[in-house]
file entry_37.pdb (PDB, C-alpha atoms and all ligand atoms)
ATOM      1  CA  MET A1118     -14.719 -28.293  29.994  1.00  0.00           C
ATOM      2  CA  SER A1119     -13.906 -24.682  29.284  1.00  0.00           C
ATOM      3  CA  GLN A1120     -15.498 -23.161  26.233  1.00  0.00           C
ATOM      4  CA  PRO A1121     -13.743 -23.206  22.851  1.00  0.00           C
ATOM      5  CA  SER A1122     -11.142 -20.462  22.504  1.00  0.00           C
ATOM      6  CA  ILE A1123     -10.172 -18.921  19.192  1.00  0.00           C
ATOM      7  CA  LEU A1124      -7.408 -16.453  18.354  1.00  0.00           C
ATOM      8  CA  PHE A1125      -7.115 -14.725  14.976  1.00  0.00           C
ATOM      9  CA  VAL A1126      -3.659 -13.557  13.923  1.00  0.00           C
ATOM     10  CA  CYS A1127      -2.633 -11.179  11.142  1.00  0.00           C
ATOM     11  CA  LEU A1128       0.373  -8.877  10.754  1.00  0.00           C
ATOM     12  CA  GLY A1129      -0.674  -5.637  12.401  1.00  0.00           C
ATOM     13  CA  ASN A1130      -3.830  -6.584  14.365  1.00  0.00           C
ATOM     14  CA  ILE A1131      -5.452  -3.418  13.049  1.00  0.00           C
ATOM     15  CA  CYS A1132      -7.214  -4.598   9.863  1.00  0.00           C
ATOM     16  CA  ARG A1133      -7.958  -8.258   9.176  1.00  0.00           C
ATOM     17  CA  SER A1134      -7.809 -10.017  12.550  1.00  0.00           C
ATOM     18  CA  PRO A1135      -9.945  -7.428  14.400  1.00  0.00           C
ATOM     19  CA  MET A1136     -12.541  -7.808  11.629  1.00  0.00           C
ATOM     20  CA  ALA A1137     -12.382 -11.599  12.055  1.00  0.00           C
ATOM     21  CA  GLU A1138     -12.797 -11.175  15.819  1.00  0.00           C
ATOM     22  CA  ALA A1139     -15.821  -8.914  15.290  1.00  0.00           C
ATOM     23  CA  ALA A1140     -17.414 -11.235  12.732  1.00  0.00           C
ATOM     24  CA  LEU A1141     -17.104 -14.276  14.969  1.00  0.00           C
ATOM     25  CA  ARG A1142     -18.216 -12.416  18.105  1.00  0.00           C
ATOM     26  CA  ALA A1143     -21.379 -11.257  16.327  1.00  0.00           C
ATOM     27  CA  GLN A1144     -22.145 -14.626  14.758  1.00  0.00           C
ATOM     28  CA  ALA A1145     -21.505 -16.504  18.014  1.00  0.00           C
ATOM     29  CA  VAL A1146     -23.890 -14.200  19.884  1.00  0.00           C
ATOM     30  CA  ALA A1147     -26.511 -14.584  17.142  1.00  0.00           C
ATOM     31  CA  ALA A1148     -26.173 -18.374  17.274  1.00  0.00           C
ATOM     32  CA  GLY A1149     -26.093 -18.507  21.076  1.00  0.00           C
ATOM     33  CA  VAL A1150     -22.675 -20.209  21.104  1.00  0.00           C
ATOM     34  CA  ALA A1151     -20.285 -19.368  23.958  1.00  0.00           C
ATOM     35  CA  LEU A1152     -16.767 -18.827  22.616  1.00  0.00           C
ATOM     36  CA  THR A1153     -13.648 -17.083  23.888  1.00  0.00           C
ATOM     37  CA  ILE A1154     -12.446 -14.897  21.001  1.00  0.00           C
ATOM     38  CA  ASP A1155      -9.460 -12.604  20.592  1.00  0.00           C
ATOM     39  CA  SER A1156      -7.063 -11.323  17.933  1.00  0.00           C
ATOM     40  CA  ALA A1157      -3.392 -10.398  17.783  1.00  0.00           C
ATOM     41  CA  GLY A1158      -0.656  -9.430  15.336  1.00  0.00           C
ATOM     42  CA  THR A1159       2.698 -11.012  14.588  1.00  0.00           C
ATOM     43  CA  GLY A1160       4.177  -7.499  14.407  1.00  0.00           C
ATOM     44  CA  ASN A1161       4.402  -4.908  17.147  1.00  0.00           C
ATOM     45  CA  TRP A1162       4.150  -1.609  15.235  1.00  0.00           C
ATOM     46  CA  HIS A1163       0.553  -0.875  16.153  1.00  0.00           C
ATOM     47  CA  VAL A1164       0.406  -2.258  19.700  1.00  0.00           C
ATOM     48  CA  GLY A1165      -2.101  -0.362  21.836  1.00  0.00           C
ATOM     49  CA  ARG A1166      -3.757   1.334  18.852  1.00  0.00           C
ATOM     50  CA  PRO A1167      -7.398   0.927  17.814  1.00  0.00           C
ATOM     51  CA  PRO A1168      -8.214  -0.772  14.497  1.00  0.00           C
ATOM     52  CA  ASP A1169      -7.471   1.093  11.263  1.00  0.00           C
ATOM     53  CA  PRO A1170     -10.266   3.644  10.621  1.00  0.00           C
ATOM     54  CA  ARG A1171     -11.104   1.853   7.359  1.00  0.00           C
ATOM     55  CA  ALA A1172     -11.576  -1.443   9.217  1.00  0.00           C
ATOM     56  CA  GLN A1173     -13.754   0.358  11.773  1.00  0.00           C
ATOM     57  CA  GLN A1174     -15.863   1.859   8.966  1.00  0.00           C
ATOM     58  CA  THR A1175     -16.194  -1.489   7.239  1.00  0.00           C
ATOM     59  CA  VAL A1176     -17.546  -3.284  10.285  1.00  0.00           C
ATOM     60  CA  ARG A1177     -19.733  -0.274  11.102  1.00  0.00           C
ATOM     61  CA  ARG A1178     -21.360  -0.666   7.695  1.00  0.00           C
ATOM     62  CA  HIS A1179     -22.280  -4.140   8.902  1.00  0.00           C
ATOM     63  CA  GLY A1180     -23.668  -2.873  12.195  1.00  0.00           C
ATOM     64  CA  LEU A1181     -20.712  -3.539  14.497  1.00  0.00           C
ATOM     65  CA  ASP A1182     -18.389  -1.366  16.563  1.00  0.00           C
ATOM     66  CA  ILE A1183     -14.711  -2.234  17.043  1.00  0.00           C
ATOM     67  CA  SER A1184     -13.548   1.232  18.096  1.00  0.00           C
ATOM     68  CA  GLY A1185     -12.709  -0.128  21.552  1.00  0.00           C
ATOM     69  CA  TYR A1186     -10.384  -2.887  20.326  1.00  0.00           C
ATOM     70  CA  LYS A1187      -6.658  -2.436  20.980  1.00  0.00           C
ATOM     71  CA  ALA A1188      -3.878  -4.057  18.976  1.00  0.00           C
ATOM     72  CA  ARG A1189      -1.534  -6.468  20.703  1.00  0.00           C
ATOM     73  CA  GLN A1190       1.265  -8.742  19.617  1.00  0.00           C
ATOM     74  CA  VAL A1191       0.916 -12.516  19.799  1.00  0.00           C
ATOM     75  CA  VAL A1192       2.866 -14.048  22.704  1.00  0.00           C
ATOM     76  CA  GLU A1193       3.988 -17.583  23.570  1.00  0.00           C
ATOM     77  CA  ALA A1194       1.305 -17.865  26.249  1.00  0.00           C
ATOM     78  CA  ASP A1195      -1.330 -17.579  23.498  1.00  0.00           C
ATOM     79  CA  PHE A1196      -0.391 -21.081  22.340  1.00  0.00           C
ATOM     80  CA  PHE A1197      -1.495 -22.409  25.722  1.00  0.00           C
ATOM     81  CA  ARG A1198      -4.397 -20.048  26.303  1.00  0.00           C
ATOM     82  CA  PHE A1199      -6.148 -20.691  22.993  1.00  0.00           C
ATOM     83  CA  GLY A1200      -7.262 -24.017  21.591  1.00  0.00           C
ATOM     84  CA  HIS A1201      -7.440 -22.721  18.036  1.00  0.00           C
ATOM     85  CA  ILE A1202      -5.184 -20.139  16.407  1.00  0.00           C
ATOM     86  CA  PHE A1203      -6.026 -19.040  12.875  1.00  0.00           C
ATOM     87  CA  ALA A1204      -3.617 -17.171  10.614  1.00  0.00           C
ATOM     88  CA  LEU A1205      -5.112 -14.732   8.135  1.00  0.00           C
ATOM     89  CA  ASP A1206      -2.439 -15.415   5.483  1.00  0.00           C
ATOM     90  CA  GLN A1207       0.406 -17.827   4.776  1.00  0.00           C
ATOM     91  CA  GLN A1208       3.106 -15.482   6.063  1.00  0.00           C
ATOM     92  CA  ASN A1209       1.231 -15.080   9.336  1.00  0.00           C
ATOM     93  CA  LEU A1210       1.030 -18.892   9.536  1.00  0.00           C
ATOM     94  CA  LYS A1211       4.788 -19.228   8.938  1.00  0.00           C
ATOM     95  CA  ASP A1212       5.536 -16.616  11.573  1.00  0.00           C
ATOM     96  CA  LEU A1213       3.205 -18.313  14.048  1.00  0.00           C
ATOM     97  CA  ARG A1214       4.902 -21.669  13.502  1.00  0.00           C
ATOM     98  CA  ARG A1215       8.299 -20.014  13.981  1.00  0.00           C
ATOM     99  CA  ILE A1216       7.396 -18.420  17.308  1.00  0.00           C
ATOM    100  CA  ALA A1217       5.328 -21.346  18.634  1.00  0.00           C
ATOM    101  CA  PRO A1218       6.733 -22.925  21.789  1.00  0.00           C
ATOM    102  CA  SER A1219       7.901 -26.490  21.229  1.00  0.00           C
ATOM    103  CA  ARG A1220       5.115 -28.050  23.285  1.00  0.00           C
ATOM    104  CA  HIS A1221       1.620 -26.761  22.872  1.00  0.00           C
ATOM    105  CA  ALA A1222      -1.743 -28.297  22.071  1.00  0.00           C
ATOM    106  CA  ALA A1223      -3.295 -25.482  20.050  1.00  0.00           C
ATOM    107  CA  GLU A1224      -4.528 -26.039  16.526  1.00  0.00           C
ATOM    108  CA  VAL A1225      -2.587 -23.613  14.304  1.00  0.00           C
ATOM    109  CA  ALA A1226      -4.057 -23.304  10.824  1.00  0.00           C
ATOM    110  CA  LEU A1227      -4.781 -21.030   7.897  1.00  0.00           C
ATOM    111  CA  LEU A1228      -8.197 -19.406   8.404  1.00  0.00           C
ATOM    112  CA  MET A1229      -9.497 -19.758   4.859  1.00  0.00           C
ATOM    113  CA  ASP A1230      -8.747 -23.498   4.902  1.00  0.00           C
ATOM    114  CA  LEU A1231     -12.038 -23.670   6.817  1.00  0.00           C
ATOM    115  CA  VAL A1232     -14.047 -22.291   3.919  1.00  0.00           C
ATOM    116  CA  PRO A1233     -15.086 -24.688   1.155  1.00  0.00           C
ATOM    117  CA  GLY A1234     -13.350 -23.763  -2.097  1.00  0.00           C
ATOM    118  CA  ARG A1235     -10.851 -21.449  -0.410  1.00  0.00           C
ATOM    119  CA  LYS A1236      -8.255 -23.918   0.856  1.00  0.00           C
ATOM    120  CA  GLY A1237      -4.745 -22.474   0.815  1.00  0.00           C
ATOM    121  CA  THR A1238      -5.891 -18.923   0.140  1.00  0.00           C
ATOM    122  CA  ALA A1239      -5.293 -15.766   2.134  1.00  0.00           C
ATOM    123  CA  VAL A1240      -7.498 -13.066   3.513  1.00  0.00           C
ATOM    124  CA  VAL A1241      -5.648 -10.510   1.413  1.00  0.00           C
ATOM    125  CA  ASP A1242      -4.113  -7.642   3.365  1.00  0.00           C
ATOM    126  CA  PRO A1243      -6.277  -4.570   2.617  1.00  0.00           C
ATOM    127  CA  TYR A1244      -3.852  -2.131   4.309  1.00  0.00           C
ATOM    128  CA  TYR A1245      -2.593  -0.711   1.012  1.00  0.00           C
ATOM    129  CA  GLY A1246      -5.950  -1.190  -0.680  1.00  0.00           C
ATOM    130  CA  ASP A1247      -9.268   0.629  -0.794  1.00  0.00           C
ATOM    131  CA  GLU A1248     -12.798   0.229   0.536  1.00  0.00           C
ATOM    132  CA  GLU A1249     -13.484  -2.644  -1.828  1.00  0.00           C
ATOM    133  CA  ASP A1250     -10.492  -4.544  -0.456  1.00  0.00           C
ATOM    134  CA  PHE A1251     -11.737  -4.037   3.101  1.00  0.00           C
ATOM    135  CA  GLU A1252     -15.187  -5.301   2.056  1.00  0.00           C
ATOM    136  CA  GLN A1253     -13.591  -8.376   0.478  1.00  0.00           C
ATOM    137  CA  ALA A1254     -11.659  -9.034   3.704  1.00  0.00           C
ATOM    138  CA  TRP A1255     -14.920  -8.651   5.661  1.00  0.00           C
ATOM    139  CA  ALA A1256     -16.681 -11.118   3.347  1.00  0.00           C
ATOM    140  CA  ASP A1257     -13.829 -13.615   3.789  1.00  0.00           C
ATOM    141  CA  VAL A1258     -13.664 -13.423   7.577  1.00  0.00           C
ATOM    142  CA  SER A1259     -17.473 -13.586   7.779  1.00  0.00           C
ATOM    143  CA  ALA A1260     -17.507 -16.780   5.706  1.00  0.00           C
ATOM    144  CA  ALA A1261     -14.874 -18.307   7.989  1.00  0.00           C
ATOM    145  CA  ALA A1262     -16.742 -17.170  11.107  1.00  0.00           C
ATOM    146  CA  ASN A1263     -19.852 -18.868   9.778  1.00  0.00           C
ATOM    147  CA  VAL A1264     -17.984 -22.165   9.472  1.00  0.00           C
ATOM    148  CA  LEU A1265     -16.516 -21.754  12.962  1.00  0.00           C
ATOM    149  CA  VAL A1266     -19.913 -21.147  14.561  1.00  0.00           C
ATOM    150  CA  GLY A1267     -21.152 -24.331  12.901  1.00  0.00           C
ATOM    151  CA  ARG A1268     -18.105 -26.234  14.084  1.00  0.00           C
ATOM    152  CA  PHE A1269     -18.482 -25.114  17.684  1.00  0.00           C
ATOM    153  CA  THR A1270     -22.243 -25.360  17.954  1.00  0.00           C
ATOM    154  CA  PRO A1271     -22.822 -28.127  20.501  1.00  0.00           C
TER     155      PRO A1271
HETATM  156  P1  LIG B   1      -3.359  -6.310   9.168  1.00  0.00           P
HETATM  157  O1  LIG B   1      -2.941  -5.156   8.157  1.00  0.00           O
HETATM  158  O2  LIG B   1      -2.196  -7.264   9.245  1.00  0.00           O
HETATM  159  O3  LIG B   1      -4.555  -6.894   8.519  1.00  0.00           O
HETATM  160  O4  LIG B   1      -3.639  -5.632  10.491  1.00  0.00           O
HETATM  161  C1  LIG B   1      -1.727  -4.462   8.228  1.00  0.00           C
HETATM  162  C2  LIG B   1      -1.581  -3.464   9.139  1.00  0.00           C
HETATM  163  C3  LIG B   1      -0.405  -2.743   9.181  1.00  0.00           C
HETATM  164  C4  LIG B   1       0.613  -3.044   8.323  1.00  0.00           C
HETATM  165  C5  LIG B   1       0.463  -4.072   7.416  1.00  0.00           C
HETATM  166  C6  LIG B   1      -0.708  -4.781   7.376  1.00  0.00           C
HETATM  167  N1  LIG B   1       1.806  -2.301   8.351  1.00  0.00           N
HETATM  168  O5  LIG B   1       2.672  -2.546   7.505  1.00  0.00           O
HETATM  169  O6  LIG B   1       1.956  -1.431   9.207  1.00  0.00           O
END

call {"tool": "encode", "arguments": {"input": "entry_37.pdb", "output": "structure tokens", "more": "lines below"}}
Ligand code: 4NP
result
Amino acid sequence: MSQPSILFVCLGNICRSPMAEAALRAQAVAAGVALTIDSAGTGNWHVGRPPDPRAQQTVRRHGLDISGYKARQVVEADFFRFGHIFALDQQNLKDLRRIAPSRHAAEVALLMDLVPGRKGTAVVDPYYGDEEDFEQAWADVSAAANVLVGRFTP
């Protein structure tokens, strides 16, 4: 069997989903779990750009480097390429369900539903916020990544 594959999806793919990708990549490496991990945005405004400088700074404070990431838009093929697609907020989830091809086997779910006590909640978009909002987003995606590593540990 191929290894588990996880795609994180937010709006711009420059703030929340790249941080989720970084958090899970780091935790999977630390746990010795082999996962295919990527992120994408429902929107196309930032395609080809690196993560927002504030997102880069936030993950750098936690010892990680995402300066090489490049934003991309989610495509239909993602629903066949990834076994698990996690939306960072409810609007992202709605948009994903709208663009999903009629036949696909991927799990499409709200990311924070994974985290005990956070069912139905969003990783709040920090784009119009400040450093504290980026730190909160990092804490949220790290908590979800922790659950995912546990779930996919053989
Ligand atoms: P993200 O944040 O969805 O977490 O990447 C945003 C990035 C850009 C915009 C909104 C949210 N924007 O409106 O351009």

call {"tool": "closest_residue", "arguments": {"input": "entry_37.pdb", "among": "A:Asp1242, A:Asn1161, A:Phe1199, A:Arg1178", "to": "ligand LIG 1 (chain B)", "atoms": "all atoms listed in the file"}}
result
A:Asp1242

call {"tool": "resolve_selection", "arguments": {"input": "entry_37.pdb", "expression": "the PyMOL selection byres (((chain A and resi 1225-1238) around 10) and not hetatm)", "output": "number ranges by chain"}}
result
A: 1124-1126, 1137, 1196, 1199-1211, 1213-1214, 1217, 1222-1224, 1239-1241, 1257-1258, 1260-1265, 1268

call {"tool": "residues_near_ligand", "arguments": {"input": "entry_37.pdb", "ligand": "ligand LIG 1 (chain B)", "cutoff": "10 Å", "atoms": "only C-alpha atoms and all ligand atoms", "output": "number ranges by chain"}}
result
A: 1126-1137, 1156-1163, 1168-1169, 1172, 1188, 1205-1206, 1209, 1240-1245, 1251, 1254

call {"tool": "atom_distance", "arguments": {"input": "entry_37.pdb", "atom1": "CA of Glu1249 in chain A", "atom2": "CA of Arg1189 in chain A"}}
result
25.8 Å

call {"tool": "atom_distance", "arguments": {"input": "entry_37.pdb", "atom1": "CA of Asp1182 in chain A", "atom2": "CA of Ala1143 in chain A"}}
result
10.3 Å

call {"tool": "atom_distance", "arguments": {"input": "entry_37.pdb", "atom1": "CA of Pro1218 in chain A", "atom2": "CA of Ala1194 in chain A"}}
result
8.7 Å

call {"tool": "residues_around", "arguments": {"input": "entry_37.pdb", "residues": "Pro1271 in chain A", "least_positions_apart": "5", "cutoff": "10 Å", "atoms": "all atoms listed in the file", "output": "PyMOL selection string"}}
result
chain A and resi 1150-1151+1266

call {"tool": "closest_residue", "arguments": {"input": "entry_37.pdb", "among": "A:Asp1247, A:Asp1212, A:Glu1138, A:Glu1193", "to": "Thr1153 in chain A", "atoms": "all atoms listed in the file"}}
result
A:Glu1138

call {"tool": "closest_residue", "arguments": {"input": "entry_37.pdb", "among": "A:Thr1175, A:Gly1246, A:Asp1195, A:Lys1187", "to": "His1221 in chain A", "atoms": "only C-alpha atoms"}}
result
A:Asp1195

call {"tool": "axis_aligned_box", "arguments": {"input": "entry_37.pdb", "around": "range 1193-1202 of chain A", "padding_each_side": "3 Å", "output": "lines of an AutoDock Vina configuration file"}}
result
center_x = -1.7
center_y = -20.8
center_z = 21.4
size_x = 17.4
size_y = 12.4
size_z = 15.9

call {"tool": "closest_residue", "arguments": {"input": "entry_37.pdb", "among": "A:Gly1267, A:Pro1121, A:Gly1185, A:Gly1165", "to": "Leu1152 in chain A", "atoms": "only C-alpha atoms"}}
result
A:Pro1121

call {"tool": "residues_around", "arguments": {"input": "entry_37.pdb", "residues": "His1179 in chain A", "least_positions_apart": "6", "cutoff": "10 Å", "atoms": "all atoms listed in the file", "output": "MDAnalysis selection string"}}
result
chainID A and resid 1140 1252 1255

call {"tool": "build_atoms", "arguments": {"input": "entry_37.pdb", "residues": "range 1254-1267 of chain A", "atoms": "N, CA, C and O atoms", "output": "CSV table (one decimal), keeping the file's coordinate frame"}}
result
chain,number,residue,atom,x,y,z
A,1254,ALA,N,-12.2,-8.4,2.5
A,1254,ALA,CA,-11.7,-9.0,3.7
A,1254,ALA,C,-12.8,-9.3,4.7
A,1254,ALA,O,-12.8,-10.4,5.3
A,1255,TRP,N,-13.8,-8.4,4.8
A,1255,TRP,CA,-14.9,-8.7,5.7
A,1255,TRP,C,-15.7,-9.9,5.2
A,1255,TRP,O,-16.1,-10.7,6.0
A,1256,ALA,N,-15.9,-10.0,3.9
A,1256,ALA,CA,-16.7,-11.1,3.3
A,1256,ALA,C,-15.9,-12.4,3.7
A,1256,ALA,O,-16.6,-13.4,4.1
A,1257,ASP,N,-14.6,-12.4,3.5
A,1257,ASP,CA,-13.8,-13.6,3.8
A,1257,ASP,C,-13.9,-14.0,5.3
A,1257,ASP,O,-14.2,-15.2,5.6
A,1258,VAL,N,-13.7,-13.1,6.1
A,1258,VAL,CA,-13.7,-13.4,7.6
A,1258,VAL,C,-15.1,-13.8,8.0
A,1258,VAL,O,-15.2,-14.6,8.9
A,1259,SER,N,-16.1,-13.2,7.4
A,1259,SER,CA,-17.5,-13.6,7.8
A,1259,SER,C,-17.8,-15.0,7.4
A,1259,SER,O,-18.5,-15.8,8.1
A,1260,ALA,N,-17.3,-15.4,6.2
A,1260,ALA,CA,-17.5,-16.8,5.7
A,1260,ALA,C,-16.8,-17.8,6.6
A,1260,ALA,O,-17.4,-18.8,7.0
A,1261,ALA,N,-15.6,-17.4,7.1
A,1261,ALA,CA,-14.9,-18.3,8.0
A,1261,ALA,C,-15.6,-18.4,9.4
A,1261,ALA,O,-15.7,-19.4,10.0
A,1262,ALA,N,-16.1,-17.2,9.8
A,1262,ALA,CA,-16.7,-17.2,11.1
A,1262,ALA,C,-18.0,-18.1,11.1
A,1262,ALA,O,-18.3,-18.7,12.1
A,1263,ASN,N,-18.7,-18.0,9.9
A,1263,ASN,CA,-19.9,-18.9,9.8
A,1263,ASN,C,-19.5,-20.4,9.9
A,1263,ASN,O,-20.2,-21.1,10.6
A,1264,VAL,N,-18.4,-20.8,9.3
A,1264,VAL,CA,-18.0,-22.2,9.5
A,1264,VAL,C,-17.6,-22.5,10.9
A,1264,VAL,O,-18.0,-23.5,11.5
A,1265,LEU,N,-16.9,-21.5,11.6
A,1265,LEU,CA,-16.5,-21.8,13.0
A,1265,LEU,C,-17.7,-21.9,13.9
A,1265,LEU,O,-17.7,-22.7,14.8
A,1266,VAL,N,-18.7,-21.0,13.7
A,1266,VAL,CA,-19.9,-21.1,14.6
A,1266,VAL,C,-20.6,-22.5,14.4
A,1266,VAL,O,-20.9,-23.2,15.4
A,1267,GLY,N,-20.6,-23.0,13.2
A,1267,GLY,CA,-21.2,-24.3,12.9
A,1267,GLY,C,-20.3,-25.4,13.6
A,1267,GLY,O,-20.9,-26.3,14.2
